[in-house]
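Have a look at run-v3.txt; it's compact mmCIF, C-alpha atoms:
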```txt
# COMPACT_ATOMS: atom_id res chain seq x y z
CA MET O 1 -5.57 15.49 -7.57
CA ASN O 2 -5.05 11.72 -7.19
CA ILE O 3 -7.29 11.11 -10.22
CA ILE O 4 -5.14 13.45 -12.32
CA ARG O 5 -1.95 11.80 -11.11
CA THR O 6 -3.38 8.37 -11.86
CA ALA O 7 -4.30 9.45 -15.41
CA MET O 8 -0.78 10.80 -15.89
CA LEU O 9 0.70 7.49 -14.72
CA LEU O 10 -1.44 5.51 -17.17
CA ALA O 11 -0.56 7.87 -20.02
CA PHE O 12 3.14 7.66 -19.20
CA MET O 13 3.09 3.89 -19.14
CA THR O 14 1.29 3.78 -22.51
CA ALA O 15 3.85 6.12 -24.07
CA LEU O 16 6.73 4.12 -22.60
CA PHE O 17 5.33 0.84 -23.91
CA MET O 18 4.83 2.33 -27.38
CA ALA O 19 8.33 3.81 -27.45
CA VAL O 20 9.94 0.50 -26.53
CA GLY O 21 7.70 -1.33 -28.96
CA TYR O 22 8.77 1.00 -31.76
CA LEU O 23 12.47 0.59 -30.95
CA ILE O 24 12.12 -3.18 -31.00
CA GLY O 25 9.65 -3.72 -33.85
CA GLY O 26 9.08 -0.45 -35.66
CA ASN O 27 5.51 0.69 -36.37
CA SER O 28 4.11 -2.81 -35.89
CA GLY O 29 5.85 -3.09 -32.54
CA ALA O 30 4.40 0.26 -31.46
CA VAL O 31 0.88 -0.86 -32.34
CA ILE O 32 1.27 -4.14 -30.46
CA ALA O 33 2.73 -2.30 -27.47
CA PHE O 34 -0.19 0.15 -27.48
CA LEU O 35 -2.70 -2.71 -27.39
CA ILE O 36 -0.80 -4.35 -24.52
CA ALA O 37 -0.61 -1.07 -22.60
CA ALA O 38 -4.33 -0.41 -23.10
CA ALA O 39 -5.15 -3.88 -21.77
CA ILE O 40 -2.88 -3.39 -18.74
CA ASN O 41 -4.36 0.06 -18.04
CA PHE O 42 -7.90 -1.30 -18.11
CA PHE O 43 -7.00 -4.29 -15.97
CA SER O 44 -5.05 -2.17 -13.47
CA TYR O 45 -7.93 0.21 -12.83
CA TRP O 46 -10.52 -2.49 -12.26
CA ASN O 47 -8.50 -5.37 -10.82
CA SER O 48 -5.21 -4.11 -9.36
CA ASP O 49 -6.63 -4.20 -5.82
CA THR O 50 -7.69 -7.85 -6.02
CA MET O 51 -4.35 -8.74 -7.61
CA VAL O 52 -2.44 -7.22 -4.70
CA LEU O 53 -4.61 -9.09 -2.20
CA ARG O 54 -3.92 -12.33 -4.09
CA MET O 55 -0.17 -11.64 -4.06
CA TYR O 56 -0.32 -11.84 -0.28
CA ASP O 57 -2.91 -14.65 -0.17
CA ALA O 58 -5.17 -12.40 1.92
CA LYS O 59 -8.23 -14.12 3.39
CA GLU O 60 -11.45 -12.26 4.00
CA ALA O 61 -12.37 -11.90 7.67
CA ASN O 62 -15.79 -11.50 9.21
CA LEU O 63 -17.46 -11.06 12.58
CA ASP O 64 -17.16 -14.78 13.32
CA SER O 65 -13.54 -15.36 12.28
CA ALA O 66 -12.01 -12.13 13.65
CA PRO O 67 -14.58 -10.37 15.88
CA GLU O 68 -12.25 -7.84 17.54
CA TYR O 69 -10.50 -6.89 14.30
CA TYR O 70 -13.85 -6.64 12.53
CA HIS O 71 -15.30 -4.53 15.32
CA ILE O 72 -12.38 -2.07 15.36
CA VAL O 73 -12.55 -1.49 11.59
CA SER O 74 -16.32 -1.13 11.48
CA THR O 75 -16.47 1.34 14.37
CA LEU O 76 -13.55 3.37 13.04
CA ALA O 77 -15.14 3.50 9.58
CA LYS O 78 -18.33 4.86 11.07
CA LYS O 79 -16.38 7.42 13.06
CA ALA O 80 -14.44 8.46 9.94
CA GLY O 81 -17.61 8.73 7.88
CA VAL O 82 -16.51 6.28 5.17
CA PRO O 83 -18.19 3.07 3.97
CA CYS O 84 -16.98 0.04 5.88
CA PRO O 85 -14.26 -1.61 3.75
CA GLN O 86 -13.87 -5.31 3.22
CA ILE O 87 -11.59 -6.77 5.86
CA TYR O 88 -8.73 -9.18 5.12
CA VAL O 89 -6.12 -11.07 7.12
CA ILE O 90 -2.68 -11.95 5.77
CA ASN O 91 -1.00 -14.95 7.37
CA ASN O 92 2.40 -13.39 8.03
CA PRO O 93 4.30 -12.96 11.31
CA GLN O 94 5.59 -9.48 10.43
CA PRO O 95 3.22 -6.83 11.87
CA ASN O 96 2.00 -4.63 9.03
CA ALA O 97 -1.12 -3.48 7.18
CA PHE O 98 -2.27 -1.75 4.02
CA ALA O 99 -5.43 -0.45 2.36
CA THR O 100 -6.39 -0.90 -1.27
CA GLY O 101 -9.29 -0.20 -3.63
CA ARG O 102 -10.21 2.21 -6.41
CA ASN O 103 -12.50 4.35 -4.21
CA PRO O 104 -14.06 4.38 -0.71
CA GLN O 105 -17.03 2.36 -1.99
CA HIS O 106 -14.73 -0.42 -3.23
CA ALA O 107 -12.01 -0.52 -0.61
CA ALA O 108 -10.36 -3.15 1.54
CA VAL O 109 -8.11 -3.18 4.59
CA ALA O 110 -5.61 -5.99 5.12
CA ALA O 111 -3.68 -6.65 8.33
CA THR O 112 -1.15 -9.37 9.01
CA THR O 113 -1.59 -11.96 11.74
CA GLY O 114 1.60 -10.54 13.23
CA LEU O 115 -0.04 -7.15 13.68
CA LEU O 116 -3.16 -8.65 15.26
CA LYS O 117 -1.07 -10.72 17.69
CA ARG O 118 1.77 -8.34 18.57
CA LEU O 119 -0.05 -5.03 18.92
CA SER O 120 -2.52 -4.00 21.61
CA LYS O 121 -6.09 -3.18 20.64
CA ASN O 122 -5.37 0.54 20.97
CA GLU O 123 -2.33 0.24 18.72
CA GLN O 124 -4.34 -1.79 16.21
CA ALA O 125 -6.94 0.99 16.23
CA GLY O 126 -4.22 3.54 15.47
CA VAL O 127 -2.93 1.52 12.51
CA LEU O 128 -6.36 0.75 11.09
CA ALA O 129 -7.42 4.38 11.47
CA HIS O 130 -4.34 5.32 9.44
CA GLU O 131 -5.43 2.93 6.68
CA LEU O 132 -8.96 4.31 6.74
CA ALA O 133 -7.46 7.78 6.34
CA HIS O 134 -5.81 6.59 3.11
CA ILE O 135 -9.22 5.39 1.93
CA GLN O 136 -10.84 8.69 2.90
CA HIS O 137 -8.11 10.67 1.14
CA ARG O 138 -8.49 8.42 -1.93
CA ASP O 139 -4.80 7.49 -1.81
CA THR O 140 -5.55 3.82 -2.40
CA LEU O 141 -6.25 4.11 -6.13
CA ILE O 142 -2.87 5.58 -7.05
CA MET O 143 -1.04 3.42 -4.48
CA THR O 144 -2.49 0.21 -5.91
CA ILE O 145 -2.20 1.11 -9.58
CA THR O 146 1.39 2.24 -9.09
CA ALA O 147 2.24 -1.20 -7.70
CA MET O 148 0.80 -2.85 -10.80
CA LEU O 149 2.49 -0.44 -13.23
CA ALA O 150 5.90 -0.88 -11.62
CA GLY O 151 5.56 -4.64 -12.09
CA ALA O 152 4.44 -4.17 -15.70
CA ILE O 153 7.36 -1.87 -16.48
CA SER O 154 9.80 -4.37 -14.96
CA MET O 155 8.24 -7.01 -17.19
CA LEU O 156 8.78 -4.69 -20.14
CA GLY O 157 12.46 -4.43 -19.21
CA ASN O 158 12.83 -8.21 -19.21
CA PHE O 159 11.10 -8.39 -22.59
CA ALA O 160 13.44 -5.76 -24.02
CA LEU O 161 16.48 -7.60 -22.68
CA PHE O 162 15.53 -10.98 -24.13
CA SER O 163 14.47 -9.45 -27.43
CA GLY O 164 18.09 -8.43 -27.98
CA TYR O 165 19.31 -12.02 -28.11
CA GLU O 166 18.63 -13.40 -31.60
CA CYS O 167 20.58 -15.62 -33.95
CA ASP O 168 20.54 -13.00 -36.71
CA ASP O 169 23.87 -11.13 -36.84
CA SER O 170 22.68 -8.40 -39.21
CA PRO O 171 23.55 -4.79 -38.39
CA ARG O 172 19.87 -4.01 -37.79
CA GLN O 173 19.52 -6.92 -35.39
CA ASN O 174 22.71 -5.96 -33.55
CA SER O 175 21.44 -2.38 -33.24
CA THR O 176 18.13 -3.62 -31.87
CA GLY O 177 19.95 -5.82 -29.38
CA VAL O 178 22.02 -2.91 -28.08
CA ILE O 179 18.93 -0.72 -27.71
CA SER O 180 17.04 -3.51 -25.96
CA THR O 181 19.91 -4.11 -23.55
CA ILE O 182 20.12 -0.42 -22.69
CA ILE O 183 16.36 -0.32 -22.04
CA ALA O 184 16.65 -3.36 -19.79
CA LEU O 185 19.51 -1.84 -17.79
CA VAL O 186 17.64 1.39 -17.04
CA ILE O 187 14.12 0.01 -16.69
CA ALA O 188 14.32 -0.82 -12.96
CA PRO O 189 15.48 2.70 -11.99
CA ILE O 190 12.70 4.14 -14.18
CA ALA O 191 10.13 2.00 -12.39
CA ALA O 192 11.46 3.15 -9.03
CA LEU O 193 11.45 6.78 -10.18
CA ILE O 194 7.82 6.52 -11.25
CA ILE O 195 6.89 5.31 -7.80
CA GLN O 196 8.87 8.11 -6.17
CA MET O 197 7.09 10.70 -8.32
CA ALA O 198 3.63 9.20 -7.92
CA ILE O 199 3.67 8.42 -4.23
CA SER O 200 4.42 11.51 -2.20
CA ARG O 201 5.81 10.89 1.26
CA THR O 202 3.53 13.64 2.55
CA ARG O 203 0.60 11.24 2.17
CA GLU O 204 1.93 9.22 5.12
CA TYR O 205 2.07 12.28 7.37
CA ALA O 206 -1.44 13.26 6.28
CA ALA O 207 -2.74 9.73 6.94
CA ASP O 208 -1.00 9.67 10.34
CA HIS O 209 -2.64 12.97 11.32
CA ARG O 210 -6.10 12.01 10.11
CA GLY O 211 -5.76 8.51 11.56
CA ALA O 212 -4.93 9.98 14.97
CA GLU O 213 -8.04 12.15 14.72
CA ILE O 214 -10.18 9.16 13.82
CA CYS O 215 -8.99 6.89 16.64
CA GLY O 216 -8.80 9.78 19.11
CA ASN O 217 -5.23 9.36 20.38
CA PRO O 218 -2.01 10.03 18.40
CA LEU O 219 0.03 7.97 20.88
CA TRP O 220 -1.74 4.76 19.89
CA LEU O 221 -0.40 5.14 16.35
CA SER O 222 3.06 6.36 17.42
CA SER O 223 3.48 3.32 19.68
CA ALA O 224 2.33 1.03 16.87
CA LEU O 225 4.79 2.59 14.41
CA SER O 226 7.64 2.07 16.86
CA LYS O 227 6.81 -1.61 17.35
CA ILE O 228 6.23 -2.26 13.64
CA ALA O 229 9.48 -0.53 12.63
CA HIS O 230 11.41 -2.68 15.10
CA ASP O 231 9.77 -5.94 14.07
CA THR O 232 10.14 -5.33 10.32
CA ARG O 233 13.90 -5.32 10.88
CA GLU O 234 13.71 -8.64 12.70
CA ILE O 235 11.01 -10.52 10.75
CA VAL O 236 11.22 -11.12 6.99
CA ASN O 237 8.08 -10.65 4.92
CA THR O 238 8.80 -13.14 2.14
CA GLU O 239 5.88 -12.10 -0.06
CA ALA O 240 6.90 -8.43 0.11
CA GLU O 241 10.50 -9.32 -0.75
CA HIS O 242 9.20 -11.09 -3.86
CA ASN O 243 6.96 -8.12 -4.75
CA PRO O 244 9.01 -5.02 -3.79
CA ALA O 245 6.87 -2.72 -5.95
CA THR O 246 4.06 -3.12 -3.38
CA ALA O 247 6.17 -1.95 -0.43
CA HIS O 248 4.82 1.61 -0.57
CA MET O 249 1.32 0.34 0.23
CA PHE O 250 2.18 -0.79 3.76
CA ILE O 251 2.11 1.49 6.79
CA ILE O 252 5.84 0.71 7.33
CA ASN O 253 8.22 -0.43 4.60
CA PRO O 254 8.11 -4.26 4.91
CA LEU O 255 11.38 -4.85 3.08
CA LYS O 256 14.52 -5.95 4.88
CA SER O 257 16.73 -3.51 2.97
CA THR O 258 15.97 0.05 4.07
CA ASP O 259 17.80 1.54 1.09
CA ASN O 260 15.62 -0.34 -1.41
CA LEU O 261 14.76 1.64 -4.54
CA PHE O 262 11.07 1.23 -3.80
CA SER O 263 11.24 2.75 -0.30
CA THR O 264 8.80 5.66 -0.26
CA HIS O 265 8.15 6.04 3.46
CA PRO O 266 9.40 8.97 5.52
CA ALA O 267 11.60 8.20 8.50
CA THR O 268 9.58 6.51 11.23
CA GLU O 269 11.25 8.70 13.86
CA ASN O 270 9.93 11.81 12.12
CA ARG O 271 6.41 10.38 11.94
CA ILE O 272 6.49 9.51 15.63
CA ALA O 273 7.77 13.00 16.50
CA ALA O 274 4.90 14.57 14.56
CA LEU O 275 2.40 12.39 16.40
CA HIS O 276 3.94 13.29 19.77
CA LYS O 277 3.63 16.96 18.88
CA MET O 278 -0.01 16.38 18.00
CA ALA O 279 -0.58 14.59 21.32
CA GLN O 280 0.91 17.51 23.24
CA ALA O 281 -1.43 19.89 21.42
CA MET O 282 -4.31 17.65 22.55
CA ASN O 283 -2.99 17.73 26.16
CA ILE O 284 -2.29 13.98 26.12
CA SER O 285 0.63 13.02 28.37
CA ILE O 286 3.37 11.21 26.47
CA GLY O 287 5.18 10.03 29.58
CA SER O 288 2.19 8.12 30.88
CA TYR O 289 1.56 6.20 27.67
CA GLN O 290 3.42 3.05 28.69
CA ASN O 291 0.85 2.52 31.43
CA MET O 292 -2.04 3.77 29.33
CA GLU O 293 -3.37 0.30 28.55
CA LYS O 294 -3.88 -0.31 32.28
CA ILE O 295 -5.04 3.17 33.25
CA VAL O 296 -7.27 4.30 30.41
CA LYS O 297 -10.50 2.51 29.66
CA LYS O 298 -11.56 1.94 26.10
CA PRO O 299 -13.34 5.01 24.74
CA LYS O 300 -17.06 4.75 24.20
CA TRP O 301 -16.69 4.21 20.44
CA MET O 302 -14.61 1.07 21.09
CA GLN O 303 -17.16 -0.24 23.57
CA MET O 304 -20.01 0.08 21.10
CA ARG O 305 -20.66 -2.50 18.42
CA HIS O 306 -21.56 -1.45 14.91
CA LYS O 307 -22.41 -3.96 12.25
CA CYS O 308 -20.28 -3.47 9.16
CA LYS O 309 -22.48 -3.41 6.06
CA ARG O 310 -21.20 -5.43 3.19
CA GLN O 311 -20.03 -3.55 0.11
CA HIS O 312 -20.08 -4.92 -3.42
CA TYR O 313 -16.41 -5.45 -4.28
```

Please render this file's structure as structure tokens.
Amino acid sequence: MNIIRTAMLLAFMTALFMAVGYLIGGNSGAVIAFLIAAAINFFSYWNSDTMVLRMYDAKEANLDSAPEYYHIVSTLAKKAGVPCPQIYVINNPQPNAFATGRNPQHAAVAATTGLLKRLSKNEQAGVLAHELAHIQHRDTLIMTITAMLAGAISMLGNFALFSGYECDDSPRQNSTGVISTIIALVIAPIAALIIQMAISRTREYAADHRGAEICGNPLWLSSALSKIAHDTREIVNTEAEHNPATAHMFIINPLKSTDNLFSTHPATENRIAALHKMAQAMNISIGSYQNMEKIVKKPKWMQMRHKCKRQHY
């Protein structure tokens, strides 16, 4: 299903580029726009993941630089039955994380330094299991490509706007300027609408459920979501504010404004409630969770060490 939706996104973007190109430059403009769209489509499929990682200046981590983080991801990946992704750290105080990659064989997980410092190991496991669930469900391809397409469409809007300002006062030029201005005014809502259509909020609930199964305790993830939601309101993620089209990739919306057009996350309270319901079904006491770190020992899978095999990225 995600492959079909991705193909539809690429086709829509190509048609949109050609339509705007035709309005601005006639048949020649449509041809040029088609070539640009084809280049962006090709680049997005093969390189959108690395571009997103570069946006956030993510640094690759290994067993020497981040042993506990590396160990949690590798053991969870083995438990989930997916190839071990490449592991990245983003130097940002806001606790958050995302997964990217075109398929499970070419995937990466990125966590901020804020998440690694502010969350307990159990809570980190809950978050990272959630991201591995996205990889397992193959959500990462459409999530990453959508981020690139939204940026490309916004660029198209700027191009349309500036193309309307020429020195020529001919009726044809004035008509083109009006059309270009209209395109520019509606392009941001269109980009947001594409993201809303492409990224279903149900994917977060599905990743929460599967992530809880992978790590073994829904309360680890629910506690992590509560802490992250609180801290994202207090700590600004500057890179995310500059790249709002990538907000849907994070486990919690990293943007300061909760009513942002690019907000695609369900209410955190509803996600936590669903996880609590899941914990009750597993006979896990919710009331005792605050003392869980002291009472409950690490499960056997967290005590074992599994070497994460390198994947060609």

Task: Minimum-distance residue to Glu60 (chain O), chosen among O:Ser223, O:Asn91, O:Ser48, O:Asn243 (using all atoms listed in the file) - done: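 Checking each of O:Ser223, O:Asn91, O:Ser48, O:Asn243 against Glu60 (chain O), counting all atoms listed in the file, the winner is O:Asn91.
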
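Among the candidates O:Asn253, O:Thr14, O:Thr140, O:Gln280, the one nearest to Ala30 (chain O) when counting only C-alpha atoms is O:Thr14.
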
Using the file's own x, y and z axes, so that the box edges lie along x, y and z, what centre and edge lengths in Å (one decimal) does a box around every listed atom of region 108-116 of chain O get when 4 Å is added on each side? Give it as JSON.
```
{"center_x": -4.4, "center_y": -7.6, "center_z": 8.4, "size_x": 20.0, "size_y": 16.8, "size_z": 21.7}
```

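Taking CA of Ala38 (chain O) and CA of Ala7 (chain O) as the two end points, the separation is 12.5 Å.
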
Open item on the list: Using all atoms listed in the file, can you tell me which of O:Ala224, O:Met13, O:Ala125, O:Ala77 comes closest to Ile145 (chain O)?
Closed with: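 Smallest distance to Ile145 (chain O) is found for O:Met13.
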
- [ ] Pick out the closest residue to Lys78 (chain O) from this set: O:Gln136, O:Met278, O:Pro218, O:Phe250. Count only C-alpha atoms.
- [x]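 Smallest distance to Lys78 (chain O) is found for O:Gln136.
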
Task: Spatial neighbours of Ala279 (chain O), max dist 9 Å, only C-alpha atoms, sep filter under 6 positions, as a list of chain:residue names - done: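 Here the answer would be O:Ala212, O:Asn217, O:Pro218, O:Leu219, O:Ser285, O:Ile286.
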
Task: Gap from CA of Val52 (chain O) to CA of Glu234 (chain O) - Å, one decimal - done: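 According to the coordinates, CA of Val52 (chain O) and CA of Glu234 (chain O) are separated by 23.8 Å.
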
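Between CA of Val109 (chain O) and CA of His230 (chain O) lies a distance of 22.2 Å.
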
Open item on the list: Show me, as JSON, numbers by chain, the residues that have an atom within 6 Å of Ala97 (chain O) when counting all atoms listed in the file, minus same-chain residues fewer than 5 positions from it.
Closed with: {"O": [110, 111, 250, 251]}

Task: Pick from O:Arg118, O:Lys277, O:His248, O:Arg203, whichever lies nearest to Phe98 (chain O) using all atoms listed in the file - done: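 The answer is O:His248, which sits nearest to Phe98 (chain O).
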
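Across O:Val73, O:Ile36, O:Ala19, O:Ile214, the tightest approach to Ala133 (chain O) is made by O:Ile214 when counting all atoms listed in the file.
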
- [ ] Mind listing whatever residues come within 7 Å of the point (10.4, 0.9, 10.5)? Use all atoms listed in the file, file coordinates, and give them as a ChimeraX atom specification.
- [x] /O:228-230,232,252-253,268
